[in-house]
$ cat structure-v5.txt   # compact mmCIF, C-alpha atoms and all ligand atoms
# COMPACT_ATOMS: atom_id res chain seq x y z
CA MET A 1 21.64 -15.13 -28.72
CA GLU A 2 21.13 -18.52 -30.34
CA VAL A 3 18.50 -20.17 -28.13
CA HIS A 4 18.16 -23.93 -27.74
CA ASN A 5 17.17 -24.42 -24.12
CA VAL A 6 14.29 -22.72 -22.39
CA GLU A 7 12.47 -23.79 -19.27
CA LEU A 8 9.51 -22.31 -17.42
CA THR A 9 11.18 -22.25 -14.01
CA ILE A 10 8.26 -20.98 -11.99
CA SER A 11 4.99 -19.10 -12.05
CA ALA A 12 5.28 -16.80 -9.06
CA VAL A 13 2.98 -14.41 -7.26
CA LYS A 14 5.21 -13.44 -4.34
CA PRO A 15 8.95 -12.84 -3.74
CA GLU A 16 9.50 -16.12 -1.85
CA GLN A 17 8.65 -17.87 -5.10
CA TYR A 18 11.02 -15.90 -7.36
CA PRO A 19 13.91 -18.04 -8.62
CA ASP A 20 16.96 -17.94 -6.38
CA LYS A 21 19.59 -18.17 -9.13
CA ASP A 22 20.87 -14.67 -9.69
CA PHE A 23 20.63 -14.58 -13.47
CA PRO A 24 19.77 -11.19 -14.97
CA GLU A 25 16.08 -10.70 -15.69
CA ILE A 26 14.22 -8.96 -18.50
CA ALA A 27 10.52 -8.36 -17.83
CA LEU A 28 7.81 -8.02 -20.45
CA ALA A 29 4.86 -5.80 -19.64
CA GLY A 30 1.90 -4.53 -21.60
CA ARG A 31 -1.85 -4.62 -21.77
CA SER A 32 -3.46 -7.99 -22.11
CA ASN A 33 -3.48 -9.38 -25.64
CA VAL A 34 -0.72 -7.01 -26.83
CA GLY A 35 1.59 -9.90 -27.74
CA LYS A 36 3.92 -10.50 -24.78
CA SER A 37 3.86 -14.29 -24.99
CA SER A 38 4.21 -14.10 -28.78
CA LEU A 39 7.30 -11.89 -28.42
CA ILE A 40 8.86 -14.42 -26.05
CA ASN A 41 8.10 -17.27 -28.46
CA THR A 42 9.69 -15.35 -31.33
CA LEU A 43 12.81 -14.58 -29.31
CA ILE A 44 13.27 -18.23 -28.37
CA ASN A 45 12.31 -19.59 -31.80
CA ARG A 46 9.30 -21.55 -30.56
CA LYS A 47 5.76 -21.57 -31.86
CA ASN A 48 3.80 -21.77 -28.66
CA TYR A 49 6.13 -22.28 -25.70
CA ALA A 50 4.97 -19.26 -23.74
CA ARG A 51 1.25 -19.84 -23.93
CA THR A 52 -0.50 -17.44 -26.30
CA SER A 53 -4.23 -17.15 -26.47
CA SER A 54 -6.93 -15.17 -28.14
CA GLN A 55 -8.55 -15.01 -24.71
CA PRO A 56 -7.13 -11.98 -22.92
CA GLY A 57 -6.30 -11.93 -19.24
CA LYS A 58 -5.15 -15.55 -19.17
CA THR A 59 -1.73 -15.08 -17.60
CA GLN A 60 -2.15 -14.11 -13.93
CA THR A 61 1.28 -14.94 -12.54
CA LEU A 62 4.84 -13.75 -13.09
CA ASN A 63 6.21 -16.47 -15.36
CA PHE A 64 9.99 -16.87 -15.19
CA TYR A 65 11.49 -18.44 -18.30
CA ASN A 66 15.09 -19.55 -17.95
CA VAL A 67 16.91 -19.01 -21.23
CA GLU A 68 20.12 -20.94 -21.84
CA GLU A 69 20.99 -20.86 -18.10
CA GLN A 70 21.94 -17.23 -18.70
CA LEU A 71 18.93 -15.05 -18.10
CA TYR A 72 15.24 -15.03 -17.29
CA PHE A 73 12.40 -13.59 -19.28
CA VAL A 74 9.63 -12.59 -16.90
CA ASP A 75 6.20 -12.62 -18.55
CA VAL A 76 4.13 -10.13 -16.55
CA PRO A 77 0.34 -10.54 -16.65
CA GLY A 78 -1.33 -7.98 -18.87
CA TYR A 79 -3.23 -4.94 -17.62
CA GLY A 80 -6.40 -3.28 -18.80
CA TYR A 81 -8.62 -6.27 -19.39
CA ALA A 82 -12.15 -4.99 -18.76
CA LYS A 83 -13.60 -8.18 -17.30
CA VAL A 84 -11.14 -8.37 -14.42
CA SER A 85 -12.68 -7.50 -11.03
CA GLN A 86 -11.50 -4.59 -8.89
CA LYS A 87 -10.11 -7.10 -6.39
CA GLU A 88 -8.10 -8.88 -9.09
CA ARG A 89 -6.83 -5.53 -10.32
CA GLU A 90 -5.57 -4.61 -6.85
CA LYS A 91 -3.90 -7.98 -6.49
CA TRP A 92 -2.18 -7.43 -9.85
CA ALA A 93 -1.02 -3.95 -8.82
CA ARG A 94 0.48 -5.22 -5.56
CA MET A 95 2.22 -8.09 -7.32
CA ILE A 96 3.87 -5.97 -9.99
CA GLU A 97 4.72 -3.10 -7.63
CA THR A 98 6.52 -5.58 -5.38
CA TYR A 99 8.40 -7.13 -8.27
CA PHE A 100 9.47 -3.92 -10.01
CA SER A 101 10.37 -2.03 -6.85
CA THR A 102 12.43 -4.73 -5.15
CA ARG A 103 13.91 -7.09 -7.71
CA GLN A 104 17.70 -6.73 -7.78
CA GLU A 105 18.14 -9.01 -10.79
CA LEU A 106 15.89 -6.91 -13.03
CA ARG A 107 18.00 -5.32 -15.79
CA GLY A 108 15.28 -3.84 -17.94
CA THR A 109 11.67 -4.04 -19.05
CA ILE A 110 10.20 -4.44 -22.48
CA ASN A 111 7.02 -2.35 -22.49
CA LEU A 112 4.78 -3.54 -25.33
CA VAL A 113 2.17 -1.36 -27.01
CA ASP A 114 -0.13 -2.27 -29.88
CA ALA A 115 1.21 -0.34 -32.87
CA ARG A 116 -2.22 -0.30 -34.50
CA HIS A 117 -3.65 2.04 -31.88
CA GLU A 118 -2.53 5.16 -30.09
CA PRO A 119 -0.97 4.15 -26.73
CA SER A 120 -3.60 4.17 -23.98
CA GLU A 121 -3.57 5.98 -20.63
CA LEU A 122 -2.65 2.66 -19.01
CA ASP A 123 0.34 2.34 -21.37
CA VAL A 124 1.45 5.82 -20.35
CA GLN A 125 1.02 4.97 -16.65
CA MET A 126 3.07 1.82 -17.11
CA ILE A 127 6.05 3.63 -18.60
CA GLU A 128 5.82 6.40 -16.00
CA PHE A 129 5.91 3.73 -13.31
CA LEU A 130 9.02 2.15 -14.88
CA HIS A 131 10.69 5.56 -15.16
CA TYR A 132 9.86 6.24 -11.51
CA TYR A 133 11.80 3.13 -10.48
CA ASN A 134 14.66 3.94 -12.89
CA ILE A 135 14.17 0.72 -14.81
CA PRO A 136 15.64 0.78 -18.34
CA VAL A 137 12.85 0.55 -20.91
CA LEU A 138 12.54 -0.80 -24.42
CA VAL A 139 9.17 0.09 -25.94
CA VAL A 140 8.07 -2.46 -28.52
CA GLY A 141 5.27 -1.59 -30.93
CA THR A 142 3.65 -4.95 -31.73
CA LYS A 143 1.64 -6.36 -34.66
CA ILE A 144 3.48 -4.11 -37.12
CA ASP A 145 2.70 -6.59 -39.90
CA LYS A 146 -0.80 -5.06 -39.81
CA ILE A 147 0.57 -1.61 -40.70
CA PRO A 148 1.68 -0.67 -44.20
CA LYS A 149 5.35 0.31 -44.51
CA SER A 150 4.38 3.81 -45.63
CA LYS A 151 2.70 4.47 -42.25
CA ARG A 152 5.38 3.09 -39.94
CA ASN A 153 7.33 6.32 -39.45
CA LYS A 154 4.17 8.02 -38.34
CA VAL A 155 3.39 5.21 -35.90
CA GLU A 156 6.88 5.52 -34.48
CA SER A 157 6.59 9.24 -33.82
CA GLN A 158 3.12 8.83 -32.35
CA ILE A 159 4.38 6.27 -29.83
CA LYS A 160 7.40 8.43 -28.96
CA LYS A 161 5.24 11.43 -28.36
CA LYS A 162 2.36 9.81 -26.51
CA MET A 163 4.62 7.67 -24.27
CA HIS A 164 6.92 10.64 -23.55
CA LEU A 165 9.99 8.61 -24.47
CA ASN A 166 13.23 10.14 -23.25
CA LYS A 167 16.71 9.76 -24.68
CA ASN A 168 17.43 6.61 -22.65
CA ASP A 169 14.35 4.77 -23.87
CA HIS A 170 14.52 2.68 -27.00
CA LEU A 171 11.75 1.89 -29.45
CA VAL A 172 11.45 -1.06 -31.84
CA LEU A 173 8.56 -1.90 -34.17
CA PHE A 174 7.97 -5.64 -34.07
CA SER A 175 6.01 -8.47 -35.64
CA ALA A 176 5.72 -12.00 -34.32
CA VAL A 177 4.31 -12.96 -37.72
CA ASP A 178 7.14 -11.86 -40.03
CA LYS A 179 9.83 -11.37 -37.29
CA THR A 180 10.42 -7.68 -38.03
CA GLY A 181 12.50 -6.19 -35.22
CA LYS A 182 13.58 -9.51 -33.69
CA LYS A 183 17.28 -8.74 -34.00
CA GLU A 184 16.90 -5.23 -32.58
CA VAL A 185 15.04 -6.58 -29.55
CA TRP A 186 17.75 -9.22 -28.94
CA ASP A 187 20.48 -6.56 -29.33
CA TRP A 188 18.86 -4.49 -26.58
CA ILE A 189 18.41 -7.52 -24.30
CA GLU A 190 22.04 -8.55 -24.73
CA LYS A 191 23.21 -5.02 -24.01
CA MET A 192 21.15 -4.86 -20.80
CA ALA A 193 21.52 -8.41 -19.50
CA ILE A 194 24.67 -9.99 -20.87
CA LYS A 195 27.94 -8.24 -20.26
P1 LIG A 201 -2.03 -12.02 -22.18
O1 LIG A 201 -1.16 -13.14 -21.74
O2 LIG A 201 -3.49 -12.36 -22.19
O3 LIG A 201 -1.77 -10.74 -21.44
O4 LIG A 201 -1.71 -11.69 -23.75
P2 LIG A 201 -0.28 -11.53 -24.43
O5 LIG A 201 0.18 -10.12 -24.32
O6 LIG A 201 0.69 -12.57 -23.97
O7 LIG A 201 -0.65 -11.75 -25.98
P3 LIG A 201 -0.41 -13.05 -26.89
O8 LIG A 201 1.03 -13.21 -27.21
O9 LIG A 201 -1.13 -14.21 -26.29
O10 LIG A 201 -1.14 -12.57 -28.24
C1 LIG A 201 -2.50 -12.17 -28.28
C2 LIG A 201 -3.05 -12.33 -29.69
O11 LIG A 201 -2.38 -11.44 -30.60
C3 LIG A 201 -2.86 -13.72 -30.27
O12 LIG A 201 -3.99 -14.03 -31.03
C4 LIG A 201 -1.63 -13.58 -31.17
O13 LIG A 201 -1.61 -14.51 -32.22
C5 LIG A 201 -1.79 -12.14 -31.68
N1 LIG A 201 -0.47 -11.53 -32.00
C6 LIG A 201 0.59 -11.43 -31.17
N2 LIG A 201 1.63 -10.82 -31.78
C7 LIG A 201 1.25 -10.55 -33.05
C8 LIG A 201 1.88 -9.93 -34.19
O14 LIG A 201 3.05 -9.50 -34.17
N3 LIG A 201 1.15 -9.81 -35.34
C9 LIG A 201 -0.15 -10.25 -35.41
N4 LIG A 201 -0.78 -10.07 -36.56
N5 LIG A 201 -0.78 -10.85 -34.36
C10 LIG A 201 -0.10 -11.00 -33.20
MG MG A 202 0.55 -13.97 -22.37
$ encode --input "structure-v5.txt" --output "structure tokens" --more "lines below"
Ligand code: GTP
Ligand code: MG
Amino acid sequence: MEVHNVELTISAVKPEQYPDKDFPEIALAGRSNVGKSSLINTLINRKNYARTSSQPGKTQTLNFYNVEEQLYFVDVPGYGYAKVSQKEREKWARMIETYFSTRQELRGTINLVDARHEPSELDVQMIEFLHYYNIPVLVVGTKIDKIPKSKRNKVESQIKKKMHLNKNDHLVLFSAVDKTGKKEVWDWIEKMAIK
């Protein structure tokens, strides 16, 4: 999709605040600092529209970005940031459980993992949770610019194995720096959300 118009419609924490237009939604989930906001910026050809930061755990709300009056990207706050209190963690869990288990407009979730490291237990839990709710999943291995081309096949098979990807899951290696994988990610989004 050629993107010109994007608008942060709302930062929501509960269903009453979700947008009421019934555009299809694509959520982005992954541990904090994995590159969710950077992926959104790359997809919409902006430098820093979805706020990126080197400070993890910044985003604490579900941020709905309206893209071309056609779909929403939903930036989900990252998990696994050590300095977040138990109470905050429980609040996060309730918020995402509510969203993923009830949202009719949700067409699929992009589950980001840092390609430089083996997926963590939390990454595995996230994809199991998405499978449990039968939500279509695209796994995106981020920061691939940091990995030499000769090692990328190995990274791919490691993610597939560790995340227990099944035949319906897709995997794309991605870089917000050199835009590797941008087209593949858009192809998947268009297949899931635009018919
Ligand atoms: P939270 O909102 O805190 O959960 O983080 P996030 O997942 O939105 O991550 P964000 O996009 O803010 O990126 C975190 C850091 O990683 C920033 O310093 C980015 O510049 C960097 N980063 C993101 N994507 C890439 C990438 O593809 N390559 C490289 N080299 N750095 C990246
Ligand atoms: Mg973010």
$ residues_near_point --input "structure-v5.txt" --point "(3.1, 8.1, -24.8)" --cutoff "9 Å" --atoms "all atoms listed in the file" --output "ChimeraX atom specification"
/A:118-121,123-125,127,158-165
$ closest_atom_pairs --input "structure-v5.txt" --of "range 55-168 of chain A" --to "range 36-48 of chain A" --cutoff "8 Å" --atoms "all atoms listed in the file" --output "Markdown table"
| residue | atom | partner | partner_atom | distance |
| --- | --- | --- | --- | --- |
| A:Phe73 | CA | A:Ile40 | CA | 7.7 |
| A:Asp75 | CA | A:Lys36 | CA | 7.0 |
| A:Leu112 | CA | A:Lys36 | CA | 7.0 |
$ residues_near_point --input "structure-v5.txt" --point "(18.9, -3.9, -7.3)" --cutoff "12 Å" --atoms "only C-alpha atoms" --output "list in words"
Asp22, Pro24, Glu25, Tyr99, Phe100, Ser101, Thr102, Arg103, Gln104, Glu105, Leu106, Arg107, Gly108, Tyr133, Asn134 and Ile135 of chain A
$ atom_distance --input "structure-v5.txt" --atom1 "CA of Ile10 in chain A" --atom2 "atom P3 of ligand LIG 201 (chain A)"
19.0 Å
$ residues_around --input "structure-v5.txt" --residues "Leu173 in chain A" --least-positions-apart "6" --cutoff "7 Å" --atoms "all atoms listed in the file" --output "short mmCIF file (atom, residue, chain, number, x, y, z; two decimals) with C-alpha atoms, in the frame of the given file"
data_model
loop_
_atom_site.label_atom_id
_atom_site.label_comp_id
_atom_site.auth_asym_id
_atom_site.auth_seq_id
_atom_site.Cartn_x
_atom_site.Cartn_y
_atom_site.Cartn_z
CA VAL A 140 8.07 -2.46 -28.52
CA GLY A 141 5.27 -1.59 -30.93
CA THR A 142 3.65 -4.95 -31.73
CA ILE A 144 3.48 -4.11 -37.12
CA GLY A 181 12.50 -6.19 -35.22
#
$ residues_around --input "structure-v5.txt" --residues "Val137 in chain A" --least-positions-apart "4" --cutoff "7 Å" --atoms "all atoms listed in the file" --output "list in words"
Gly108, Thr109, Ile110, Asn111, Asp169 and His170 of chain A
$ closest_residue --input "structure-v5.txt" --among "A:Ala12, A:Val3, A:Val76, A:Leu71" --to "ligand MG 202 (chain A)" --atoms "only C-alpha atoms and all ligand atoms"
A:Val76
$ closest_residue --input "structure-v5.txt" --among "A:Ala50, A:Ala115, A:Met126, A:Ile194" --to "ligand MG 202 (chain A)" --atoms "only C-alpha atoms and all ligand atoms"
A:Ala50
$ atom_distance --input "structure-v5.txt" --atom1 "atom C7 of ligand LIG 201 (chain A)" --atom2 "CA of His117 in chain A"
13.6 Å
$ residues_around --input "structure-v5.txt" --residues "Thr98 in chain A" --least-positions-apart "6" --cutoff "10 Å" --atoms "all atoms listed in the file" --output "PDB file with C-alpha atoms, in the frame of the given file"
ATOM      1  CA  VAL A  13       2.980 -14.410  -7.260  1.00  0.00           C
ATOM      2  CA  LYS A  14       5.210 -13.440  -4.340  1.00  0.00           C
ATOM      3  CA  PRO A  15       8.950 -12.840  -3.740  1.00  0.00           C
ATOM      4  CA  TRP A  92      -2.180  -7.430  -9.850  1.00  0.00           C
TER       5      TRP A  92
END
$ atom_distance --input "structure-v5.txt" --atom1 "CA of Leu8 in chain A" --atom2 "CA of Tyr65 in chain A"
4.4 Å
$ closest_residue --input "structure-v5.txt" --among "A:Arg51, A:Lys191, A:Lys21, A:Arg152" --to "ligand MG 202 (chain A)" --atoms "all atoms listed in the file"
A:Arg51
